[in-house]
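> Quick one: the structure is below, questions incoming.
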Amino acid sequence: MIQSKLFGKTRREVSKDEKSINAELLIRGGFIEKHMAGVYNYLPLGLKVFRKVENIIREEMDAVDGQEMLMTALQPKELWDKTGRWSEMEDIMYQFEDGHGSEVGLATTHEEVVTELAKQQIKSYKDLPIYIYQIQDKFRNEKRAKSGLLRGREFSMKDLYSFHADEKDLDEYYFRVHDAYLTIFKRLGLEAFSVEASGGSMSKQFSHEFMVKTEAGEDITVLCTECGWAQNKEITKIKAGDKCPKCGVKTEEAKTVEAGNIFRLGTKYSESLGLKYTTEDGQMKNVLMGSYGIGLGRVMGTVVEASHDKDGIIWTKATTPYHVHLLNLSKNDKTNERANKVYEKLRENGLEVLFDDRDISFGKKFKDADLLGNCLQLIISDKQSELELIYRKDHSKELLDLDSVIKKINKFYK
RNA sequence: CGGGGUGUGGCGCAGUUGGCUAGCGCGCGUCGUUUGGGACGAUGAGGUCGGAGGUUCGAGUCCUCUCACCCCGACCA
């Protein structure tokens with residue numbers, strides 16, 4: 001991408017109302033713009049990161065046999081009345097009359113729709129188990145939107161729903177998804193760990209939340225640094241400083257952000273919506289369900305919260321918008337020509353390149369490159385015939401020829 | 001939803017006890033000089049001061065209502 005043509009300019013300052021680190025850096029970098037409280041537009045650069053997050057999640061959902069589909073956001077009141085959640089969720093659900101006298105709402109989550117759909121597809125034990133997911137926008141009228149992408153009113157979420165004949169099968173799959181989630185966060189470059197938490201209104205059993213340590217977090221987790229035991233402070237009987245119930249080592253408390261959450265729903269929704277299947281010996285039984293969510297924007301915001309410095313964002317290898325940010329510091333025709341060739345050559349080698357061709361001072365280019373936070377920067381100037389590869393994380397640098405640069409970059413992302 | 005705060009060119013801000021043509025910095029346009037860590041000079045464009053109503057000879061400034069946004073809290077599949 002040629003930076004002079006990029007839709008999305010960097011800014012030196014951001015509205016004083018934007019208090020969270022993720023919102024400030026993402027807005028300053030031109031990744032997102034705020035449309036209203038808790039509602040953000042994704043500009044091309046932001047979408048680039050978003051897609052990378054999305055693809056990793058998609059790959060791992062496919063790997064646990066999830067089938068992707070897309071459900072509606074606009075839904076009728078009648079459906080939600082069947083589970084009682086129309087009135088239960090009236091504070092947080094956008095509900096309105098459609099002008100023809102029907103009451104409709106924007107989905108906060110999709111258990112109702114997916115269960116209705118499943119009723120048409122699941123009739124027999126032979127149809128089970130089955131796993132379906134979608135990546136779609138959710139709407140929640142949060143009383144107070146805050147923390148940039150971490151708590152929005154409209155946000156994209158991957159939600160997976162599983163359907164099972166018995167508890168054992170549900171449990172097995174639940175922990176399979178649990179591990180898939182850990183893989184997702186690891187691939188994204190986030191240090192996430194799973195935490196036992198309340199099932200809330202979704203489930204009587206423990207649910208699991210996937211937490212990332214950061215000051216911007218809204219949750220407090222009590223955890224053991226030794227064996228990985230962790231519980232949300234809301235439910236735990238262990239106080240920070242107590243001995244870990246599993247291994248006896250002292251526990252501690254940490255602020256965390258919940259990047260994902262998985263629930264064993266059991267028969268809660270199948271009962272209220274009448275989702276049954278026929279067993280091998282001809283009985284009718286309720287289907288057991290699980291639901292599994294990850295907020296994509298929240299993940300993106302969490303990466304920024306967890307990985308930045310005074311100069312800007314430091315994207316992880318998996319989330320970097322471009323593999324390399326090429327900075328041409330020269331205004332000399334010959335060097336410009338060289339820069340164009342380097343740009344072409346990098347792209348021919350399958351690399352994603354952001355090329356800063358703008359007619360501005362070098363200082364700005366450096367500042368912007370650090371703010372945007374691509375993992376690697378590549379400098380071309382009159383000063384040297386070689387290229388200078390800079391690692392965003394620690395600003396270490398090395399002088400290389402083009403072929404070596406390509407090798408280095410490929411190795412870096414491997 | 002309770003408490004607190006803020007709304008003035010795109011962004012950040014100043015604007016005195018009500019007074020003249022509403023300023024400054026950044027950004028943007030044009031011209032010139034600059035080029036290894038947010039350069040400099042010249043010049044130009046850009047505003048119904050969040051909105052509505054009121055008080056007054058006169059309102060960015062005072063009053064009432066309203067909207068939006070931020071912070072703390074409550075809430076949060």
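Identifiers in this document derive from the order of the structure tokens: chains are assigned A, B, ..., residues are numbered from 1 separately in each chain, and ligands are numbered from 1 in order of occurrence.
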Within 9 Å of Leu288 of chain A, counting only C-alpha atoms (C1' of nucleotides), which residues show up once you throw out same-chain ones fewer than 2 positions away? Write them as a ChimeraX atom specification, please.
/A:162-167,170,264-270,286,290
> Counting only C-alpha atoms (C1' of nucleotides), collect the residues of chain B whose closest atom lies at most 7 Å from chain A, and write them out as a list of chain:residue names.
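The complete set of qualifying residues is B:C11, B:G12, B:U35, B:G37, B:G38, B:C69, B:C70, B:A77.
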> Would you write out those residues with C-alpha atoms (C1' of nucleotides), as an mmCIF file, in the first residue's frame?

data_model
loop_
_atom_site.group_PDB
_atom_site.id
_atom_site.type_symbol
_atom_site.label_atom_id
_atom_site.label_comp_id
_atom_site.auth_asym_id
_atom_site.auth_seq_id
_atom_site.Cartn_x
_atom_site.Cartn_y
_atom_site.Cartn_z
ATOM 1 C "C1'" C B 11 -7.623 18.382 16.345
ATOM 2 C "C1'" G B 12 -5.768 20.635 21.054
ATOM 3 C "C1'" U B 35 16.130 16.406 4.833
ATOM 4 C "C1'" G B 37 13.956 11.388 14.823
ATOM 5 C "C1'" G B 38 7.308 15.346 14.671
ATOM 6 C "C1'" C B 69 -19.188 13.226 25.078
ATOM 7 C "C1'" C B 70 -15.748 11.824 29.247
ATOM 8 C "C1'" A B 77 -24.528 -13.458 27.701
#
> Any chance you could list, as a PyMOL selection string, the residues in segment 72-285 of chain A that come up helix (DSSP H, G or I) when DSSP is run on the backbone?
chain A and resi 77-83+85-88+111-121+125-127+148-150+167-188+268-273
> Would you compute the distance between atom CA of Arg347 of chain A and atom CA of Ile409 of chain A? Give it in Å to one decimal.
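Computing it gives 12.1 Å between the two atoms.
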> Between atom C1' of C1 of chain B and atom CA of Gly148 of chain A, what is the distance, to one decimal in Å?
21.2 Å
> Assign secondary structure with DSSP using the backbone only, and return the residues of segment 55-255 of chain A in strand (DSSP E) as a count of residues only.
60
> For G9 of chain B, which residue among B:G23, B:G53, B:G29, B:G73 is the nearest when counting only C-alpha atoms (C1' of nucleotides)?
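Using only C-alpha atoms (C1' of nucleotides), the shortest distance to G9 of chain B belongs to B:G23.
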> Using only C-alpha atoms (C1' of nucleotides), which protein or nucleic acid residues come within 10 Å of segment 18-20 of chain B? Drop anything in the same chain fewer than 2 positions from it, and give the result as a VMD selection string.
chain B and resid 56 58 to 59 61 to 62
> Please write the residues from the selection above to a file, keeping C-alpha atoms (C1' of nucleotides), as a PDB file, in the first residue's frame.

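Below you can see out08.pdb, which holds the result:
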ATOM      1  C1'   U B  56     -30.359  42.733  27.815  1.00  0.00           C
ATOM      2  C1'   G B  58     -25.678  44.362  23.376  1.00  0.00           C
ATOM      3  C1'   A B  59     -24.624  37.151  24.972  1.00  0.00           C
ATOM      4  C1'   U B  61     -19.809  34.995  28.483  1.00  0.00           C
ATOM      5  C1'   C B  62     -25.978  35.413  32.529  1.00  0.00           C
TER       6        C B  62
END
> Would you list the contacts of Leu45 of chain A as a list in words, taking every protein, DNA or RNA residue within 7 Å and counting only C-alpha atoms (C1' of nucleotides), but skipping same-chain residues closer than 4 positions in sequence?
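The residues satisfying every condition are Gly30, Phe31, Val49 and Pro321 of chain A.
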> Could you write out that same residue set with N, CA and C atoms as a PDB file, in the first residue's frame?

ATOM      1  N   GLY A  30      -4.926   6.172  12.867  1.00  0.00           N
ATOM      2  CA  GLY A  30      -5.822   6.075  11.718  1.00  0.00           C
ATOM      3  C   GLY A  30      -6.350   4.670  11.486  1.00  0.00           C
ATOM      4  N   PHE A  31      -6.418   3.886  12.545  1.00  0.00           N
ATOM      5  CA  PHE A  31      -6.971   2.532  12.431  1.00  0.00           C
ATOM      6  C   PHE A  31      -8.493   2.566  12.571  1.00  0.00           C
ATOM      7  N   VAL A  49      -5.910  -5.223  10.339  1.00  0.00           N
ATOM      8  CA  VAL A  49      -5.626  -5.949  11.581  1.00  0.00           C
ATOM      9  C   VAL A  49      -6.823  -6.833  11.948  1.00  0.00           C
ATOM     10  N   PRO A 321      -0.314  -4.937  10.774  1.00  0.00           N
ATOM     11  CA  PRO A 321      -1.087  -4.657   9.566  1.00  0.00           C
ATOM     12  C   PRO A 321      -0.289  -4.979   8.295  1.00  0.00           C
TER      13      PRO A 321
END
> Could you please determine the separation between atom CA of Trp86 of chain A and atom CA of Gln134 of chain A in Å, to one decimal place?
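About the pair atom CA of Trp86 of chain A and atom CA of Gln134 of chain A: they are 22.1 Å apart.
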